[in-house]
$ cat query_18.txt   # compact mmCIF, C-alpha atoms
# COMPACT_ATOMS: atom_id res chain seq x y z
CA MET D 133 79.47 97.38 131.54
CA SER D 134 83.05 98.54 131.51
CA GLY D 135 84.75 99.51 128.28
CA GLN D 136 87.16 96.64 128.62
CA THR D 137 84.40 94.06 129.16
CA ARG D 138 82.54 95.43 126.16
CA LYS D 139 85.70 95.17 124.14
CA VAL D 140 86.20 91.55 125.15
CA ILE D 141 82.61 90.68 124.25
CA LEU D 142 82.97 92.42 120.90
CA ILE D 143 86.12 90.45 120.21
CA ILE D 144 84.35 87.19 121.11
CA LEU D 145 81.39 88.08 118.89
CA PHE D 146 83.73 89.05 116.11
CA ALA D 147 85.59 85.77 116.47
CA SER D 148 82.39 83.77 116.45
CA LEU D 149 81.33 85.47 113.24
CA SER D 150 84.55 84.61 111.49
CA LEU D 151 84.31 81.70 109.16
CA MET D 152 87.22 79.44 108.40
CA LEU D 153 87.42 77.22 105.38
CA ALA D 154 89.84 76.07 102.76
CA SER D 155 89.39 77.58 99.33
CA SER D 156 89.81 75.80 96.03
CA ILE D 157 93.53 75.46 95.59
CA SER D 158 95.10 73.50 92.84
CA GLY D 159 97.71 70.88 93.46
CA ASP D 160 100.57 73.15 92.50
CA GLY D 161 99.65 75.66 95.12
CA ASN D 162 98.26 78.34 92.86
CA ILE D 163 94.96 79.88 93.72
CA GLN D 164 92.28 79.31 91.14
CA SER D 165 89.19 81.29 90.53
CA CYS D 166 87.01 80.43 93.42
CA SER D 167 83.34 80.44 94.12
CA ILE D 168 81.96 79.71 97.53
CA VAL D 169 78.28 79.21 98.19
CA MET D 170 76.98 79.24 101.72
CA GLU D 171 73.42 78.21 102.27
CA CYS D 172 71.74 79.00 105.52
CA PRO D 173 69.02 76.84 107.07
CA GLU D 174 65.65 78.64 107.30
CA ASP D 175 65.80 78.87 111.06
CA PHE D 176 69.24 80.28 110.95
CA ALA D 177 68.53 83.86 111.68
CA SER D 178 68.87 83.63 115.42
CA ARG D 179 72.11 84.26 117.17
CA GLU D 180 71.89 80.90 118.96
CA ASN D 181 72.66 79.20 115.67
CA MET D 182 75.56 81.37 114.72
CA ASN D 183 78.15 78.79 115.57
CA LYS D 184 76.36 75.82 114.07
CA PRO D 185 78.66 73.94 111.71
CA VAL D 186 77.58 73.78 108.09
CA ASP D 187 78.94 72.15 105.01
CA LEU D 188 80.30 74.65 102.56
CA LYS D 189 80.05 73.86 98.89
CA ASP D 190 82.20 74.95 96.03
CA GLU D 191 80.72 75.85 92.66
CA ASN D 192 80.71 72.19 91.63
CA SER D 193 78.69 71.38 94.73
CA ALA D 194 81.46 69.12 95.93
CA VAL D 195 81.21 69.11 99.68
CA LYS D 196 84.58 69.28 101.35
CA ARG D 197 83.64 67.77 104.66
CA ASP D 198 87.05 67.69 106.26
CA GLN D 199 88.28 71.03 105.06
CA ALA D 200 85.20 73.16 105.07
CA LYS D 201 83.36 72.62 108.30
CA ALA D 202 82.76 76.09 109.46
CA THR D 203 80.61 78.28 111.56
CA GLN D 204 78.10 80.42 109.75
CA SER D 205 77.39 84.06 110.27
CA MET D 206 73.96 85.61 110.61
CA ASN D 207 72.26 86.17 107.29
CA GLY D 208 68.73 87.32 106.64
CA GLN D 209 68.71 86.24 103.00
CA GLY D 210 69.88 82.73 103.62
CA LYS D 211 72.47 82.48 100.89
CA PHE D 212 75.76 84.06 99.97
CA ASN D 213 77.73 83.40 96.85
CA ILE D 214 81.18 84.87 96.74
CA LYS D 215 83.39 84.64 93.71
CA PHE D 216 86.91 85.93 93.51
CA SER D 217 90.11 85.45 91.61
CA LEU D 218 93.64 86.61 92.29
CA ASP D 219 94.83 85.71 88.82
CA CYS D 220 95.76 89.19 87.78
CA PHE D 221 97.46 90.19 91.01
CA LYS D 222 101.10 90.64 90.16
CA THR D 223 103.68 89.95 92.82
CA PRO D 224 105.53 93.20 93.57
CA GLU D 225 109.21 92.81 92.83
CA ILE D 226 110.27 93.67 96.34
CA LEU D 227 108.40 90.61 97.60
CA ARG D 228 110.77 88.46 95.57
CA LEU D 229 113.57 89.76 97.78
CA ALA D 230 112.10 90.76 101.12
CA SER D 231 110.81 88.32 103.70
CA ALA D 232 107.61 90.26 104.09
CA TYR D 233 104.43 89.81 106.10
CA PHE D 234 101.80 92.47 105.53
CA THR D 235 98.14 93.12 104.93
CA VAL D 236 96.64 95.10 102.08
CA CYS D 237 93.05 96.27 102.21
CA TYR D 238 90.56 96.66 99.37
CA VAL D 239 87.34 98.55 99.97
CA MET D 240 84.51 98.44 97.47
CA ASN D 241 80.82 99.06 96.99
CA ILE D 242 78.72 96.49 95.19
CA ASP D 243 75.79 97.00 92.86
CA ASP D 244 72.53 95.04 92.89
CA GLU D 245 74.20 92.16 91.07
CA GLY D 246 76.95 91.91 93.65
CA ARG D 247 79.47 93.43 91.27
CA PRO D 248 82.10 95.75 92.79
CA GLY D 249 81.69 99.21 91.36
CA PHE D 250 84.12 101.41 93.17
CA VAL D 251 87.34 99.81 94.39
CA GLN D 252 90.11 101.37 96.41
CA ALA D 253 93.31 99.90 97.84
CA LEU D 254 94.43 100.98 101.29
CA PHE D 255 97.89 100.45 102.68
CA PRO D 256 99.02 100.68 106.30
CA SER D 257 101.40 103.53 105.53
CA GLU D 258 102.25 106.01 102.80
CA ASN D 259 105.65 104.43 102.41
CA MET D 260 104.10 101.02 101.95
CA LYS D 261 101.74 102.48 99.38
CA LYS D 262 104.75 103.86 97.57
CA ILE D 263 106.47 100.49 97.64
CA LEU D 264 103.56 98.17 96.83
CA GLY D 265 100.97 100.46 95.30
CA GLY D 266 102.34 100.17 91.78
CA GLU D 267 101.22 96.56 91.56
CA LEU D 268 98.66 95.99 94.28
CA GLY D 269 96.96 99.34 93.79
CA SER D 270 97.03 99.29 90.01
CA GLU D 271 94.11 99.82 87.65
CA GLU D 272 94.73 96.29 86.42
CA VAL D 273 93.99 94.90 89.86
CA PHE D 274 90.94 97.12 90.27
CA SER D 275 89.62 95.95 86.90
CA CYS D 276 90.26 92.37 87.91
CA ILE D 277 88.24 92.85 91.06
CA LYS D 278 85.42 94.62 89.23
CA ASN D 279 85.27 92.02 86.48
CA ASN D 280 85.89 88.82 88.40
CA TRP D 281 84.68 89.26 91.94
CA ARG D 282 81.03 88.87 92.93
CA PHE D 283 79.26 89.17 96.23
CA ILE D 284 75.84 87.66 95.66
CA GLY D 285 73.37 87.78 98.53
CA PHE D 286 74.62 91.05 99.98
CA ASP D 287 72.46 94.14 100.08
CA PRO D 288 72.94 96.33 96.98
CA GLY D 289 75.25 99.20 97.76
CA SER D 290 76.92 97.29 100.57
CA ALA D 291 80.41 98.32 101.44
CA ILE D 292 82.74 95.34 101.34
CA THR D 293 86.17 95.31 102.90
CA VAL D 294 88.63 92.64 101.87
CA LEU D 295 91.91 92.15 103.68
CA LEU D 296 94.60 90.10 102.00
CA ARG D 297 97.41 88.90 104.20
CA TRP D 298 100.76 88.21 102.58
CA GLN D 299 102.99 85.73 104.34
CA HIS D 300 106.44 85.08 103.03
CA PRO D 301 107.23 82.78 101.31
CA LYS D 302 103.73 81.47 100.64
CA GLY D 303 102.18 84.60 99.21
CA PHE D 304 98.62 85.66 99.96
CA GLU D 305 97.76 83.29 102.74
CA THR D 306 94.60 84.70 104.26
CA MET D 307 91.63 86.54 102.84
CA MET D 308 89.19 88.29 105.14
CA ILE D 309 85.88 89.65 103.87
CA TYR D 310 83.81 92.03 105.93
CA SER D 311 80.57 93.89 105.49
CA ASP D 312 78.16 95.24 108.05
CA LYS D 313 76.41 91.86 108.53
CA PHE D 314 79.06 89.49 107.42
CA SER D 315 82.56 88.43 108.19
CA TYR D 316 84.44 85.66 106.57
CA VAL D 317 88.02 84.45 106.86
CA MET D 318 89.62 82.12 104.36
CA ARG D 319 92.98 80.49 104.46
CA LEU D 320 94.42 80.35 100.98
CA SER D 321 97.12 77.87 101.84
CA PRO D 322 97.56 75.05 99.35
CA THR D 323 95.66 71.89 100.11
CA VAL D 324 96.82 68.47 99.01
CA TYR D 325 94.04 66.01 98.27
CA GLU D 326 95.13 62.40 98.35
CA ASP D 327 93.47 59.81 96.16
CA GLU D 328 91.01 57.70 98.08
CA MET I 103 135.04 103.74 105.30
CA THR I 104 135.54 100.59 103.28
CA TYR I 105 137.73 97.79 104.45
CA TRP I 106 139.50 95.56 101.99
CA ASP I 107 140.75 92.19 102.92
CA PRO I 108 143.93 91.22 101.06
CA ASN I 109 142.79 87.62 100.75
CA GLY I 110 139.48 88.53 99.20
CA ALA I 111 137.53 87.55 102.27
CA ILE I 112 134.88 90.19 102.29
CA VAL I 113 131.93 89.38 104.48
CA ARG I 114 131.66 92.31 106.79
CA THR I 115 129.47 93.07 109.79
CA ASP I 116 129.44 94.59 113.24
CA GLU I 117 129.35 92.85 116.60
CA VAL I 118 125.57 92.41 116.58
CA GLY I 119 125.64 90.96 113.08
CA TYR I 120 128.44 88.64 114.12
CA GLY I 121 126.22 87.23 116.82
CA VAL I 122 123.41 86.58 114.33
CA ILE I 123 125.78 84.97 111.84
CA LYS I 124 126.93 82.58 114.56
CA ALA I 125 123.30 81.81 115.38
CA THR I 126 122.65 80.82 111.76
CA MET I 127 124.76 77.74 112.29
CA GLY I 128 122.34 76.20 114.75
CA ASP I 129 125.44 74.58 116.21
CA GLU I 130 127.47 76.06 119.05
CA VAL I 131 130.65 74.20 118.14
CA LEU I 132 130.57 75.41 114.56
CA ALA I 133 129.71 78.90 115.71
CA LYS I 134 132.96 79.01 117.66
CA ASN I 135 134.82 78.45 114.40
CA ILE I 136 133.57 81.73 113.00
CA SER I 137 135.67 84.73 113.86
CA TRP I 138 135.14 88.44 113.57
CA ASN I 139 137.77 91.14 113.41
CA GLU I 140 136.65 94.02 115.58
CA LYS I 141 138.85 96.53 113.75
CA THR I 142 137.96 95.64 110.16
CA GLY I 143 134.54 94.09 110.68
CA LEU I 144 135.57 91.12 108.57
CA ILE I 145 134.19 87.65 109.11
CA ASP I 146 136.41 84.60 108.75
CA VAL I 147 135.85 80.89 109.21
CA ASN I 148 138.04 77.99 110.24
CA ARG I 149 138.64 76.14 106.99
CA SER I 150 140.22 73.10 108.57
CA ILE I 151 137.03 71.95 110.19
CA ARG I 152 135.06 69.14 108.54
CA THR I 153 131.32 69.54 108.52
CA ASP I 154 128.29 68.80 106.39
CA ASN I 155 126.49 71.85 107.74
CA THR I 156 125.48 73.57 104.51
CA ASN I 157 125.19 76.95 106.19
CA TYR I 158 128.80 76.76 107.36
CA ILE I 159 129.97 75.64 103.94
CA ALA I 160 128.01 78.46 102.27
CA LEU I 161 129.48 81.01 104.67
CA MET I 162 132.98 79.73 103.91
CA GLN I 163 132.31 80.13 100.19
CA LEU I 164 130.93 83.62 100.67
CA VAL I 165 133.96 84.62 102.71
CA ASP I 166 136.21 83.33 99.93
CA SER I 167 134.24 85.07 97.23
CA PRO I 168 135.55 88.39 95.90
CA GLN I 169 132.03 89.82 96.08
CA LYS I 170 131.67 92.16 99.02
CA ILE I 171 128.80 91.34 101.36
CA MET I 172 127.59 93.39 104.30
CA VAL I 173 125.53 91.78 107.04
CA SER I 174 123.55 94.35 108.93
CA VAL I 175 121.10 94.25 111.79
CA THR I 176 119.05 97.32 111.13
CA ASP I 177 115.50 98.62 111.02
CA LYS I 178 115.77 100.31 107.64
CA VAL I 179 117.56 99.88 104.37
CA VAL I 180 117.93 102.11 101.33
CA TYR I 181 117.49 100.73 97.85
CA ALA I 182 117.34 101.94 94.27
CA ASP I 183 114.53 100.89 91.97
CA ARG I 184 116.07 100.22 88.57
CA ARG I 185 112.87 99.10 86.92
CA ASN I 186 111.27 102.46 87.48
CA GLU I 187 114.61 104.17 86.93
CA ILE I 188 114.47 105.69 90.38
CA LYS I 189 118.08 106.45 91.12
CA ALA I 190 117.57 108.16 94.44
CA GLY I 191 117.60 105.84 97.40
CA ILE I 192 114.23 104.70 98.68
CA ILE I 193 114.04 104.08 102.38
CA LEU I 194 112.43 100.83 103.40
CA ARG I 195 111.67 100.51 107.07
CA LEU I 196 111.74 96.75 107.31
CA LEU I 197 109.24 96.01 110.03
CA GLU I 198 107.24 99.20 109.78
CA ASP I 199 106.61 99.18 106.04
CA LEU I 200 106.46 95.54 105.08
CA GLU I 201 106.67 93.68 108.36
CA ALA I 202 109.74 92.29 106.67
CA PRO I 203 112.27 90.81 109.06
CA GLY I 204 114.88 90.65 106.35
CA ILE I 205 115.96 91.51 102.84
CA MET I 206 118.90 90.93 100.53
CA LEU I 207 119.83 93.66 98.08
CA PRO I 208 122.26 93.02 95.23
CA PRO I 209 125.08 95.51 94.62
CA ARG I 210 124.35 98.79 92.85
CA HIS I 211 126.29 97.81 89.77
CA GLY I 212 125.75 94.09 89.67
CA ARG I 213 123.83 92.10 87.12
CA LYS I 214 122.10 93.91 84.33
CA ASP I 215 118.76 92.33 85.12
CA ASP I 216 118.75 93.31 88.78
CA ILE I 217 115.65 95.27 89.55
CA MET I 218 115.98 96.43 93.11
CA VAL I 219 119.52 97.11 94.18
CA ASN I 220 121.53 98.37 97.10
CA VAL I 221 122.62 101.98 96.80
CA LYS I 222 126.18 100.87 97.40
CA ASP I 223 128.34 98.43 95.52
CA TYR I 224 128.08 95.47 97.81
CA ILE I 225 125.46 92.87 98.62
CA LEU I 226 123.45 93.89 101.63
CA CYS I 227 121.92 91.20 103.81
CA ALA I 228 119.82 93.02 106.36
CA VAL I 229 117.76 91.62 109.20
CA ALA I 230 115.61 93.62 111.54
CA ASN I 231 116.05 93.97 115.26
CA MET I 232 113.91 91.22 116.70
CA THR I 233 113.38 89.69 120.09
CA ASP I 234 112.88 86.27 118.53
CA LYS I 235 116.53 85.42 117.95
CA SER I 236 115.74 82.05 116.43
CA PHE I 237 113.57 83.67 113.76
CA GLN I 238 116.18 86.34 113.24
CA ALA I 239 118.84 83.68 112.61
CA GLN I 240 116.53 81.84 110.23
CA THR I 241 115.86 85.07 108.36
CA LEU I 242 119.54 85.91 108.00
CA ALA I 243 120.26 82.37 106.85
CA GLU I 244 117.67 82.82 104.12
CA GLU I 245 119.17 86.13 103.01
CA LEU I 246 122.82 85.12 103.30
CA TYR I 247 122.99 81.44 102.36
CA GLY I 248 119.95 81.68 100.12
CA HIS I 249 119.67 84.89 98.12
CA ALA I 250 123.25 86.15 98.49
CA TRP I 251 124.89 82.77 97.92
CA LEU I 252 122.80 82.18 94.80
CA TYR I 253 123.71 85.65 93.58
CA VAL I 254 127.41 85.08 94.09
CA GLN I 255 127.17 81.77 92.24
CA GLY I 256 125.60 83.52 89.27
CA LEU I 257 122.35 81.63 89.74
CA PRO I 258 118.77 82.93 89.84
CA TYR I 259 118.30 84.47 93.26
CA LEU I 260 114.84 86.03 93.24
CA HIS I 261 111.81 84.17 94.52
CA GLU I 262 109.75 83.01 91.57
CA PRO I 263 106.25 84.46 91.58
CA GLY I 264 103.34 82.11 91.14
CA SER I 265 101.88 81.96 87.68
CA GLN I 266 98.67 83.51 88.89
CA GLY I 267 100.10 86.27 90.97
CA SER I 268 98.68 85.13 94.25
CA GLY I 269 101.96 84.09 95.75
CA LEU I 270 105.22 82.40 95.07
CA ASP I 271 105.74 79.35 92.93
CA LYS I 272 106.57 76.63 95.40
CA ASN I 273 108.10 74.56 92.61
CA GLY I 274 110.48 77.34 91.64
CA PHE I 275 114.21 76.64 91.93
CA VAL I 276 114.94 79.54 94.28
CA ASN I 277 111.88 78.90 96.42
CA ARG I 278 112.78 75.26 96.90
CA TYR I 279 116.44 76.04 97.57
CA ILE I 280 115.69 78.68 100.16
CA GLY I 281 112.90 76.57 101.60
CA LEU I 282 115.47 73.98 102.59
CA ILE I 283 117.46 76.64 104.43
CA THR I 284 114.49 77.94 106.36
CA GLU I 285 113.41 74.44 107.34
CA ARG I 286 116.55 73.94 109.41
CA LYS I 287 116.46 74.43 113.14
CA TYR I 288 117.87 77.69 114.44

$ encode --input "query_18.txt" --output "structure tokens"
Amino acid sequence: MSGQTRKVILIILFASLSLMLASSISGDGNIQSCSIVMECPEDFASRENMNKPVDLKDENSAVKRDQAKATQSMNGQGKFNIKFSLDCFKTPEILRLASAYFTVCYVMNIDDEGRPGFVQALFPSENMKKILGGELGSEEVFSCIKNNWRFIGFDPGSAITVLLRWQHPKGFETMMIYSDKFSYVMRLSPTVYEDE
Amino acid sequence: MTYWDPNGAIVRTDEVGYGVIKATMGDEVLAKNISWNEKTGLIDVNRSIRTDNTNYIALMQLVDSPQKIMVSVTDKVVYADRRNEIKAGIILRLLEDLEAPGIMLPPRHGRKDDIMVNVKDYILCAVANMTDKSFQAQTLAEELYGHAWLYVQGLPYLHEPGSQGSGLDKNGFVNRYIGLITERKY
């Protein structure tokens, strides 16, 4: 198998593992604390089922059928519960002026309760770290992640990588979560629910 | 070298910037009513024309304003960070550092509450070199007729952050105002 073919297959596998869903967004467009539970059917361990659509439930077990149909990644334990909040992320001042589009990366290890223990922010360049690090790489943000984020269902000690994509003028628009057996992409764009 | 226009018309740029300013009109006829002086770099507009194009009207008002504005097509800008009392210029490579196609920086000695400012005493509206000329025009329109125009009018000009830090408040005055500019066709 050529390197290029392998690369294409890896990209396809990676894409098939990515999950898309809408997170809980309030009507005014602000992101609320969010909890997402994904339950896997018992026969879900095989790769053939990786792209089977499932209903994703929020913490109130309200099934969002239209918004949250998604493919499910392979999972030996059968259930993930991810909680996160961006409440204490402060918008860097430069983003109130610059039409910016960038990605910031947070790497962390979780304990046996799914709680992030060690958190580090990574920026694409030293200059970007200098510009955005004061807010996005602050102890306040790290504490927020440690206190408010949970990755239940992952192996203790797992390394989690979270990529947050900023898109002007919306703000953080996409959140990508990766571990060795898991990948998950969320769009954080506001969702308007009309009364039925 | 600084050029002063005796009539107070002080929107300045180079030939490349002139082309992008014309593109912000989204209207070829209107664009022909914008002139550029090659020697002084000054922009002027035909004031006798009647139009409801808000970008054209905003440009006319900016040209008539005594506040100096520089339009620049560039890959990097230099700013001072007042909040952290960093007086030395900080280089921001627009696309490389923030993937930012544009930025507006208020003048060095402008409003007291300005946080990030240009290192020189004029408003800088900078857009990056881009192949997508439509997006480039949209970006400059946001910087020039959005942020800079609001600044010159003495109005709030910074995007309002969301209350929970995850983004920008879409109900904020500046966000809504600039949103209308970016929604136009370029």

$ interface_residues --input "query_18.txt" --of "chain D" --to "chain I" --cutoff "10 Å" --atoms "all atoms listed in the file" --output "short mmCIF file (atom, residue, chain, number, x, y, z; two decimals) with C-alpha atoms, keeping the file's coordinate frame"
data_model
loop_
_atom_site.label_atom_id
_atom_site.label_comp_id
_atom_site.auth_asym_id
_atom_site.auth_seq_id
_atom_site.Cartn_x
_atom_site.Cartn_y
_atom_site.Cartn_z
CA ASP D 160 100.57 73.15 92.50
CA GLY D 161 99.65 75.66 95.12
CA ASN D 162 98.26 78.34 92.86
CA ILE D 163 94.96 79.88 93.72
CA GLN D 164 92.28 79.31 91.14
CA SER D 165 89.19 81.29 90.53
CA SER D 217 90.11 85.45 91.61
CA LEU D 218 93.64 86.61 92.29
CA ASP D 219 94.83 85.71 88.82
CA CYS D 220 95.76 89.19 87.78
CA PHE D 221 97.46 90.19 91.01
CA LYS D 222 101.10 90.64 90.16
CA THR D 223 103.68 89.95 92.82
CA PRO D 224 105.53 93.20 93.57
CA GLU D 225 109.21 92.81 92.83
CA ILE D 226 110.27 93.67 96.34
CA LEU D 227 108.40 90.61 97.60
CA ARG D 228 110.77 88.46 95.57
CA LEU D 229 113.57 89.76 97.78
CA ALA D 230 112.10 90.76 101.12
CA SER D 231 110.81 88.32 103.70
CA ALA D 232 107.61 90.26 104.09
CA TYR D 233 104.43 89.81 106.10
CA PHE D 234 101.80 92.47 105.53
CA THR D 235 98.14 93.12 104.93
CA PHE D 255 97.89 100.45 102.68
CA PRO D 256 99.02 100.68 106.30
CA SER D 257 101.40 103.53 105.53
CA GLU D 258 102.25 106.01 102.80
CA ASN D 259 105.65 104.43 102.41
CA MET D 260 104.10 101.02 101.95
CA LYS D 261 101.74 102.48 99.38
CA LYS D 262 104.75 103.86 97.57
CA ILE D 263 106.47 100.49 97.64
CA LEU D 264 103.56 98.17 96.83
CA TRP D 298 100.76 88.21 102.58
CA GLN D 299 102.99 85.73 104.34
CA HIS D 300 106.44 85.08 103.03
CA PRO D 301 107.23 82.78 101.31
CA LYS D 302 103.73 81.47 100.64
CA GLY D 303 102.18 84.60 99.21
CA PHE D 304 98.62 85.66 99.96
CA GLU D 305 97.76 83.29 102.74
CA LEU D 320 94.42 80.35 100.98
CA SER D 321 97.12 77.87 101.84
CA PRO D 322 97.56 75.05 99.35
#

$ atom_distance --input "query_18.txt" --atom1 "CA of Ala133 in chain I" --atom2 "CA of Tyr158 in chain I"
8.7 Å

$ residues_around --input "query_18.txt" --residues "Arg210 in chain I" --least-positions-apart "6" --cutoff "12 Å" --atoms "only C-alpha atoms" --output "list in words"
Lys170, Val180, Tyr181, Ala182, Asp183, Arg184, Lys189, Ala190, Gly191, Asp216, Ile217, Met218, Val219, Asn220, Val221, Lys222, Asp223, Tyr224, Ile225 and Leu226 of chain I

$ atom_distance --input "query_18.txt" --atom1 "CA of Leu242 in chain I" --atom2 "CA of Asn157 in chain I"
10.7 Å

$ residues_around --input "query_18.txt" --residues "Asp244 in chain D" --least-positions-apart "3" --cutoff "10 Å" --atoms "all atoms listed in the file" --output "list in words"
Arg247, Pro248, Phe283, Ile284, Gly285, Phe286, Asp287, Pro288, Gly289 and Ser290 of chain D

$ residues_around --input "query_18.txt" --residues "Thr115 in chain I" --least-positions-apart "2" --cutoff "7 Å" --atoms "all atoms listed in the file" --output "list of chain:residue names"
I:Val113, I:Glu117, I:Gly119, I:Tyr120, I:Gly143, I:Leu144, I:Met172, I:Val173, I:Ser174

$ atom_distance --input "query_18.txt" --atom1 "CA of Gly121 in chain I" --atom2 "CA of Lys141 in chain I"
16.0 Å

$ axis_aligned_box --input "query_18.txt" --around "range 247-263 of chain I" --padding-each-side "5 Å" --output "lines of an AutoDock Vina configuration file"
center_x = 116.8
center_y = 83.8
center_z = 95.8
size_x = 31.2
size_y = 14.7
size_z = 23.1

$ closest_residue --input "query_18.txt" --among "D:Ser275, D:Asn280, D:Tyr238, D:Asn213" --to "Met307 in chain D" --atoms "all atoms listed in the file"
D:Tyr238

$ residues_near_point --input "query_18.txt" --point "(119.3, 80.1, 115.5)" --cutoff "8 Å" --atoms "only C-alpha atoms" --output "list of chain:residue names"
I:Val122, I:Ala125, I:Thr126, I:Met127, I:Gly128, I:Lys235, I:Ser236, I:Phe237, I:Gln238, I:Ala239, I:Gln240, I:Lys287, I:Tyr288
